[in-house]
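Trainee: Pasting in a structure now, in structure tokens, and then I'll have a few things to ask.
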Amino acid sequence: MPHNRPISPHLQIYTLPLTGVISISHRLTGVFLAIGLAGFVFMLAQVKYGMLTYLQMQTVLHTLPIQVFLSGFIYALMFHLCHGIRHLIWDAGHSFSRETLRRYALMELFASLVLTIFSLAVLL
Amino acid sequence: MKAMQHWKLQRLTAILLIPLSYWLVAFLQHCLNANYFETSAWLNEPVNKIGLIVWILVVCYHAALGLQVVLEDYVSHQGKQVVAIWLSNAFFALLGLSSIVLLFQG
């Protein structure tokens with residue numbers, strides 16, 4: 001086997017294009033959101049156990065670290081949603097050209113930011 | 001599971017989750033801002049109870065399908081990969097099941 005075969009880019013020295021950064025972020029946010037589902041079940045249990053646990057949970061939810069975490073969670077959700085819709089458009093066979101790739105990438109980043117700000121305004 | 005079926009179900013659950021995610025945000029909104037009685041009443045309204053049940057089932061399935069792909073890509077050892085996917089599936093099945101049990105209480 002010759003040793004001069006082409007190899008895949010070394011990620012430590014290869015600068016990913018914007019679309020590549022978004023692609024891996026989709027995966028990372030997906031894993032993060034999936035783990036976050038455990039948090040939902042925990043919160044649901046606190047509501048169902050009664051008023052005392054509910055009040056304790058609400059106190060914790062209003063602390064700064066949790067609010068920062070929640071904001072990150074909502075951004076991850078909105079980002080995953082926007083890029084997910086992008087994937088559905090690709091699956092339908094549209095927008096593979098080089099110009100639309102970058103334009104759509106910027107659009108989905110902008111849309112996820114707007115959705116996050118809107119949601120946080122309602123939530124926090 | 002056949003690859004094509006996996007692909008289709010991943011997309012189907014993704015489409016369903018676009019509207020269904022409303023219930024997650026609404027749940028968080030109540031937990032953050034409403035008092036105990038308001039949140040309990042909201043949870044007991046049939047439309048919200050059913051909405052959350054459908055959401056948690058679909059999202060757990062979507063998450064399990066997604067995690068499976070991630071594990072297939074990054075766990076190269078065949079035996080470990082099978083175990084990891086099994087554990088991941090069990091984890092999301094447990095989350096979905098416990099949510100439904102909790103939602104049907106009181």
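Chains: A, B, ... in order of the structure tokens. Residues: from 1 per chain. Ligands: from 1, in order shown.
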Which residues of chain A have any atom within 7 Å of an atom in chain B when counting only C-alpha atoms, and what is the closest pair of atoms for each, with the distance in Å to one decimal? Order the rows by chain and rising number and write it as a Markdown table.
Mentor:
```
| residue | atom | partner | partner_atom | distance |
| --- | --- | --- | --- | --- |
| A:Val31 | CA | B:Leu67 | CA | 6.8 |
| A:Ala34 | CA | B:Ala63 | CA | 5.6 |
| A:Ala38 | CA | B:Leu95 | CA | 6.7 |
| A:Val41 | CA | B:Ser99 | CA | 5.9 |
| A:Ala45 | CA | B:Leu102 | CA | 6.5 |
| A:Lys48 | CA | B:Leu102 | CA | 6.8 |
| A:Met51 | CA | B:Tyr36 | CA | 5.9 |
| A:Tyr54 | CA | B:Tyr36 | CA | 6.5 |
| A:Gln58 | CA | B:Leu32 | CA | 6.2 |
| A:Leu61 | CA | B:Leu32 | CA | 6.7 |
| A:Leu123 | CA | B:Gln29 | CA | 5.0 |
```
Trainee: Neighbours of Leu33 in chain A within 9 Å (only C-alpha atoms; same-chain residues fewer than 5 positions away dropped), as a PyMOL selection string?
Mentor: (chain A and resi 28+73+76-77+80) or (chain B and resi 63)
Trainee: Report, in Å with one decimal, the straight-line distance from CA of Trp55 in chain B to CA of His87 in chain A.
Mentor: 20.6 Å
Trainee: Can you work out which one of B:Ser88, B:Leu52, B:Leu57, B:Asp73 has the shortest atom-to-atom distance to Leu44 in chain A, counting only C-alpha atoms?
Mentor: B:Leu52
Trainee: From a DSSP calculation on the backbone, collect every residue of chain A in helix (DSSP H, G or I) and output the set as number ranges by chain.
Mentor: A: 18-49, 51-61, 64-91, 98-123
Trainee: Write out as a PyMOL selection string each polymer residue whose atoms come within 12 Å of Trp86 in chain B, counting only C-alpha atoms; drop sequence neighbours fewer than 2 positions from it.
Mentor: chain B and resi 64-65+67-68+71-72+79-84+88-93
Trainee: Rank nothing, just name the residue among A:Ile13, A:Ile117, A:Leu64, A:Ile22 nearest to Gly84 in chain A, using only C-alpha atoms.
Mentor: A:Ile22
Trainee: Quick one: of A:Trp90, A:Tyr14, A:Tyr75, A:Phe96, who's nearest to Leu115 in chain A, counting only C-alpha atoms?
Mentor: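 Distance minimum relative to Leu115 in chain A lands on A:Tyr75.
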Trainee: What does the distance from CA of Trp7 in chain B to CA of Gly93 in chain A come to in Å, to one decimal?
Mentor: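 For CA of Trp7 in chain B relative to CA of Gly93 in chain A, the distance reads 15.0 Å.
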Trainee: Considering only C-alpha atoms, return as a short mmCIF file (atom, residue, chain, number, x, y, z; two decimals) with C-alpha atoms, in the first residue's frame whatever protein or nucleic-acid residues lie within 12 Å of Thr100 in chain A, sequence-local ones (same chain, fewer than 4 positions apart) excluded.
Mentor:
```cif
data_model
loop_
_atom_site.label_atom_id
_atom_site.label_comp_id
_atom_site.auth_asym_id
_atom_site.auth_seq_id
_atom_site.Cartn_x
_atom_site.Cartn_y
_atom_site.Cartn_z
CA THR A 19 -21.09 25.29 6.18
CA ARG A 86 -32.19 23.32 5.86
CA ILE A 89 -34.74 21.41 1.88
CA TRP A 90 -31.58 19.53 0.81
CA HIS A 94 -32.89 21.94 -3.62
CA SER A 95 -30.16 24.54 -3.10
CA PHE A 96 -26.86 22.74 -3.57
CA TYR A 104 -28.62 30.01 3.40
CA ALA A 105 -25.98 29.40 6.10
CA LEU A 106 -26.07 33.07 7.08
CA MET A 107 -29.88 33.09 6.88
CA GLU A 108 -30.26 30.15 9.25
#
```
Trainee: List the neighbours of Ile74 in chain A out to 8 Å using only C-alpha atoms; skip same-chain residues closer than 6 positions along the sequence, and give me the result as JSON, numbers by chain.
Mentor: {"A": [116, 119, 120]}
Trainee: Dump N, CA and C atoms for the selected residues as a PDB file, in the first residue's frame?
Mentor:
```
ATOM      1  N   THR A 116     -34.266  32.781  19.034  1.00  0.00           N
ATOM      2  CA  THR A 116     -33.768  32.670  20.408  1.00  0.00           C
ATOM      3  C   THR A 116     -34.138  33.911  21.211  1.00  0.00           C
ATOM      4  N   SER A 119     -37.849  33.932  21.904  1.00  0.00           N
ATOM      5  CA  SER A 119     -38.233  32.946  22.918  1.00  0.00           C
ATOM      6  C   SER A 119     -37.781  33.367  24.311  1.00  0.00           C
ATOM      7  N   LEU A 120     -36.555  33.875  24.401  1.00  0.00           N
ATOM      8  CA  LEU A 120     -36.043  34.266  25.716  1.00  0.00           C
ATOM      9  C   LEU A 120     -36.824  35.444  26.275  1.00  0.00           C
TER      10      LEU A 120
END
```
Trainee: Kindly indicate which residue among B:Asn48, B:Gln5, B:Gln78, B:Gln10 lies nearest to Trp23 in chain B, using only C-alpha atoms for the distances.
Mentor: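 Nearest to Trp23 in chain B: B:Asn48.
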Trainee: Go through A:Phe40, A:Ile85, A:Gly20, A:Met57 and flag the residue nearest Leu16 in chain B, using only C-alpha atoms for the distances.
Mentor: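 For Leu16 in chain B, the nearest of the candidates is A:Ile85.
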